[in-house]
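Taking it in order: structure first as structure tokens, then the write-up.
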Amino acid sequence: MHSITALIAGIVFGLGLILSGMTNPAKVVGFLDLAGRWDPSLAMVMGGAIVVGLVAFRWAEGRTRALTGAIMRVPTASHIDRRLILGGLAFGTGWGLAGYCPGPALASLLSGGAKPLIFFAAMLAGMVVFELLERLPIRRKQIA
């Protein structure tokens with residue numbers, strides 16, 4: 001049952017990304033180009049996502065199980081640290097340069113174009129580099 005609901009949620013999310021234009025890098029870069037030819041149309045998409053997220057998190061507050069019976073794990077971290085800021089800067093830079101973030105890039109893989117495939121490969125390479133850096137002995141000493 002959990003796999004079916006995850007599949008349905010993924011399909012709905014992917015279709016939403018495609019229909020909203022989030023899988024079109026030119027549209028995304030136009031939205032991010034505040035000093036040039038700014039295209040504000042994606043602001044409605046992001047605003048809608050924020051509203052849905054607020055409602056969902058409000059509903060999830062205090063619950064221990066989802067409607068499917070799965071255990072609820074709502075994030076509890078509330079501090080802003082160097083890693084969060086650097087990660088946000090890296091994410092935003094990549095999004096601005098490529099016009100993709102992970103969700104739309106995955107949805108775009110089915111288009112058959114080279115750009116989403118290159119972005120996806122770079123994203124995986126970044127994940128591997130992060131994991132390798134996290135395993136360095138120096139990093140473990142800093143955390144402990």
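By convention in this document, the chains of the structure tokens carry letters A, B, ... by their order, each chain's residues are numbered from 1, and ligands are numbered from 1 in the order they are shown.
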Exercise for the section: as a PyMOL selection string, list the residues of region 18-84 of chain A assigned to helix (DSSP H, G or I) by DSSP on the backbone atoms of this structure. Expected result: chain A and resi 18-20+25-32+41-60+82-84
Can I get the selected residues back with N, CA and C atoms, as a short mmCIF file (atom, residue, chain, number, x, y, z; two decimals), in the first residue's frame?
```
data_model
loop_
_atom_site.label_atom_id
_atom_site.label_comp_id
_atom_site.auth_asym_id
_atom_site.auth_seq_id
_atom_site.Cartn_x
_atom_site.Cartn_y
_atom_site.Cartn_z
N ILE A 18 5.63 19.41 -14.60
CA ILE A 18 5.57 19.56 -16.05
C ILE A 18 4.54 20.61 -16.44
N LEU A 19 3.34 20.51 -15.89
CA LEU A 19 2.26 21.45 -16.24
C LEU A 19 2.56 22.89 -15.81
N SER A 20 3.30 23.06 -14.73
CA SER A 20 3.60 24.41 -14.23
C SER A 20 4.75 25.07 -14.97
N PRO A 25 13.90 24.79 -18.37
CA PRO A 25 14.98 25.59 -17.78
C PRO A 25 14.92 27.07 -18.17
N ALA A 26 14.49 27.38 -19.39
CA ALA A 26 14.41 28.78 -19.81
C ALA A 26 13.39 29.55 -18.97
N LYS A 27 12.29 28.92 -18.65
CA LYS A 27 11.26 29.55 -17.82
C LYS A 27 11.78 29.77 -16.39
N VAL A 28 12.48 28.79 -15.87
CA VAL A 28 13.03 28.89 -14.52
C VAL A 28 14.10 29.99 -14.46
N VAL A 29 15.00 30.03 -15.43
CA VAL A 29 16.04 31.06 -15.45
C VAL A 29 15.38 32.44 -15.61
N GLY A 30 14.32 32.53 -16.41
CA GLY A 30 13.59 33.78 -16.55
C GLY A 30 12.97 34.23 -15.23
N PHE A 31 12.51 33.29 -14.45
CA PHE A 31 11.95 33.61 -13.14
C PHE A 31 13.04 34.11 -12.19
N LEU A 32 14.22 33.52 -12.28
CA LEU A 32 15.32 33.89 -11.38
C LEU A 32 16.06 35.15 -11.81
N SER A 41 5.76 34.32 -13.55
CA SER A 41 4.69 33.31 -13.59
C SER A 41 4.92 32.14 -12.63
N LEU A 42 6.16 31.80 -12.36
CA LEU A 42 6.41 30.68 -11.44
C LEU A 42 6.19 31.06 -9.98
N ALA A 43 6.04 32.35 -9.70
CA ALA A 43 5.76 32.78 -8.33
C ALA A 43 4.44 32.18 -7.85
N MET A 44 3.46 32.09 -8.72
CA MET A 44 2.17 31.49 -8.35
C MET A 44 2.35 30.00 -8.03
N VAL A 45 3.20 29.34 -8.79
CA VAL A 45 3.46 27.91 -8.55
C VAL A 45 4.10 27.75 -7.18
N MET A 46 5.10 28.57 -6.89
CA MET A 46 5.79 28.47 -5.60
C MET A 46 4.86 28.87 -4.46
N GLY A 47 4.05 29.91 -4.67
CA GLY A 47 3.08 30.31 -3.65
C GLY A 47 2.09 29.20 -3.36
N GLY A 48 1.61 28.54 -4.40
CA GLY A 48 0.70 27.41 -4.21
C GLY A 48 1.35 26.28 -3.46
N ALA A 49 2.63 26.00 -3.76
CA ALA A 49 3.35 24.95 -3.06
C ALA A 49 3.54 25.29 -1.59
N ILE A 50 3.79 26.55 -1.30
CA ILE A 50 3.96 26.98 0.10
C ILE A 50 2.65 26.81 0.86
N VAL A 51 1.53 27.19 0.25
CA VAL A 51 0.23 27.04 0.91
C VAL A 51 -0.06 25.56 1.18
N VAL A 52 0.15 24.72 0.19
CA VAL A 52 -0.09 23.28 0.38
C VAL A 52 0.83 22.74 1.48
N GLY A 53 2.10 23.16 1.48
CA GLY A 53 3.03 22.71 2.51
C GLY A 53 2.61 23.16 3.90
N LEU A 54 2.17 24.41 4.03
CA LEU A 54 1.72 24.92 5.33
C LEU A 54 0.53 24.12 5.85
N VAL A 55 -0.42 23.85 4.97
CA VAL A 55 -1.59 23.08 5.37
C VAL A 55 -1.18 21.67 5.77
N ALA A 56 -0.30 21.05 4.97
CA ALA A 56 0.13 19.68 5.25
C ALA A 56 0.89 19.58 6.57
N PHE A 57 1.81 20.52 6.82
CA PHE A 57 2.57 20.47 8.07
C PHE A 57 1.68 20.77 9.26
N ARG A 58 0.72 21.66 9.10
CA ARG A 58 -0.21 21.96 10.19
C ARG A 58 -1.03 20.71 10.51
N TRP A 59 -1.47 20.01 9.48
CA TRP A 59 -2.25 18.79 9.67
C TRP A 59 -1.40 17.71 10.33
N ALA A 60 -0.11 17.65 9.94
CA ALA A 60 0.77 16.59 10.44
C ALA A 60 1.23 16.83 11.87
N ARG A 82 26.41 26.90 9.20
CA ARG A 82 27.23 27.11 8.00
C ARG A 82 26.90 26.10 6.91
N ARG A 83 26.68 24.86 7.29
CA ARG A 83 26.38 23.82 6.30
C ARG A 83 25.07 24.11 5.58
N LEU A 84 24.07 24.58 6.31
CA LEU A 84 22.78 24.91 5.70
C LEU A 84 22.94 26.08 4.72
#
```
Exercise for the section: Excluding Phe120 (chain A) and any residue of its chain fewer than 4 positions from it, enumerate the residues within 7 Å of it, using only C-alpha atoms, and give them as a ChimeraX atom specification. Expected result: /A:105,116,124
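Using only C-alpha atoms, the smallest distance between any of A:Gly36, A:Thr76, A:Ala70, A:Val128 and Ser3 (chain A) comes from A:Ala70.
Reported to one decimal place, the separation of CA of Thr64 (chain A) from CA of Pro102 (chain A) is 28.3 Å.
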Exercise for the section: To one decimal in Å, tell me the separation between CA of Met72 (chain A) and CA of Gly14 (chain A). Expected result: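 Spanning CA of Met72 (chain A) to CA of Gly14 (chain A) is a straight-line distance of 22.7 Å.
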Practice task
Mind checking which residues fall within 12 Å of Leu15 (chain A), counting only C-alpha atoms, ignoring those fewer than 5 positions away in the same chain, and posting them as a PyMOL selection string?
Solution key: chain A and resi 8-10+20-23+103-104+106-108+110
Take the residues from that selection and put them in a file with N, CA, C and O atoms, as a PDB file, in the first residue's frame.
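Output below, filename selection36.pdb:
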```
ATOM      1  N   ILE A   8       1.717   7.111  -6.665  1.00  0.00           N
ATOM      2  CA  ILE A   8       0.678   8.086  -7.037  1.00  0.00           C
ATOM      3  C   ILE A   8       1.137   9.503  -6.696  1.00  0.00           C
ATOM      4  O   ILE A   8       1.001  10.426  -7.510  1.00  0.00           O
ATOM      5  N   ALA A   9       1.711   9.687  -5.511  1.00  0.00           N
ATOM      6  CA  ALA A   9       2.202  11.015  -5.117  1.00  0.00           C
ATOM      7  C   ALA A   9       3.305  11.484  -6.055  1.00  0.00           C
ATOM      8  O   ALA A   9       3.338  12.652  -6.457  1.00  0.00           O
ATOM      9  N   GLY A  10       4.194  10.584  -6.442  1.00  0.00           N
ATOM     10  CA  GLY A  10       5.273  10.927  -7.373  1.00  0.00           C
ATOM     11  C   GLY A  10       4.753  11.307  -8.742  1.00  0.00           C
ATOM     12  O   GLY A  10       5.239  12.264  -9.363  1.00  0.00           O
ATOM     13  N   SER A  20       3.299  23.057 -14.726  1.00  0.00           N
ATOM     14  CA  SER A  20       3.597  24.406 -14.229  1.00  0.00           C
ATOM     15  C   SER A  20       4.749  25.073 -14.966  1.00  0.00           C
ATOM     16  O   SER A  20       4.961  26.266 -14.821  1.00  0.00           O
ATOM     17  N   GLY A  21       5.503  24.312 -15.735  1.00  0.00           N
ATOM     18  CA  GLY A  21       6.636  24.873 -16.458  1.00  0.00           C
ATOM     19  C   GLY A  21       7.955  24.747 -15.721  1.00  0.00           C
ATOM     20  O   GLY A  21       8.981  25.233 -16.193  1.00  0.00           O
ATOM     21  N   MET A  22       7.960  24.099 -14.557  1.00  0.00           N
ATOM     22  CA  MET A  22       9.192  23.962 -13.780  1.00  0.00           C
ATOM     23  C   MET A  22      10.227  23.072 -14.465  1.00  0.00           C
ATOM     24  O   MET A  22      11.394  23.106 -14.100  1.00  0.00           O
ATOM     25  N   THR A  23       9.819  22.291 -15.450  1.00  0.00           N
ATOM     26  CA  THR A  23      10.771  21.444 -16.164  1.00  0.00           C
ATOM     27  C   THR A  23      11.368  22.151 -17.374  1.00  0.00           C
ATOM     28  O   THR A  23      12.175  21.575 -18.094  1.00  0.00           O
ATOM     29  N   GLY A 103      13.905  17.754  -8.483  1.00  0.00           N
ATOM     30  CA  GLY A 103      12.590  17.230  -8.888  1.00  0.00           C
ATOM     31  C   GLY A 103      12.299  17.434 -10.366  1.00  0.00           C
ATOM     32  O   GLY A 103      12.022  16.473 -11.101  1.00  0.00           O
ATOM     33  N   PRO A 104      12.353  18.670 -10.854  1.00  0.00           N
ATOM     34  CA  PRO A 104      12.114  18.900 -12.275  1.00  0.00           C
ATOM     35  C   PRO A 104      13.128  18.193 -13.180  1.00  0.00           C
ATOM     36  O   PRO A 104      12.781  17.769 -14.278  1.00  0.00           O
ATOM     37  N   LEU A 106      14.493  15.265 -12.633  1.00  0.00           N
ATOM     38  CA  LEU A 106      14.052  13.870 -12.737  1.00  0.00           C
ATOM     39  C   LEU A 106      12.838  13.752 -13.661  1.00  0.00           C
ATOM     40  O   LEU A 106      12.758  12.834 -14.477  1.00  0.00           O
ATOM     41  N   ALA A 107      11.889  14.690 -13.521  1.00  0.00           N
ATOM     42  CA  ALA A 107      10.717  14.667 -14.397  1.00  0.00           C
ATOM     43  C   ALA A 107      11.114  14.896 -15.848  1.00  0.00           C
ATOM     44  O   ALA A 107      10.494  14.358 -16.755  1.00  0.00           O
ATOM     45  N   SER A 108      12.170  15.684 -16.081  1.00  0.00           N
ATOM     46  CA  SER A 108      12.614  16.000 -17.441  1.00  0.00           C
ATOM     47  C   SER A 108      13.399  14.868 -18.085  1.00  0.00           C
ATOM     48  O   SER A 108      13.603  14.884 -19.302  1.00  0.00           O
ATOM     49  N   LEU A 110      12.534  12.029 -18.792  1.00  0.00           N
ATOM     50  CA  LEU A 110      11.701  11.318 -19.764  1.00  0.00           C
ATOM     51  C   LEU A 110      11.578  12.064 -21.089  1.00  0.00           C
ATOM     52  O   LEU A 110      11.128  11.490 -22.074  1.00  0.00           O
TER      53      LEU A 110
END
```
Handout entry: All residues 10 Å or closer to Ile118 (chain A), only C-alpha atoms, same chain fewer than 4 positions away omitted, as a ChimeraX atom specification
Key = /A:98,105,109,113-114,122-124
Exercise for the section: Using CA of Ser78 (chain A) and CA of Glu61 (chain A) as the two end points, give the distance in Å to one decimal. Expected result: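 Separating CA of Ser78 (chain A) from CA of Glu61 (chain A) is a distance of 15.2 Å.
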Handout entry: A:Asn24, A:Cys101, A:Arg63, A:Lys115 ranked by distance to Gly88 (chain A), top pick (using only C-alpha atoms)
Key =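 Looking only at the distances to Gly88 (chain A), the closest residue turns out to be A:Cys101.
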Problem - Of the listed residues A:Gly62, A:Asp33, A:Trp38, A:Leu67, that which approaches Trp95 (chain A) most closely, counting only C-alpha atoms - result: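 Between A:Gly62, A:Asp33, A:Trp38, A:Leu67, the residue approaching Trp95 (chain A) most closely is A:Asp33.
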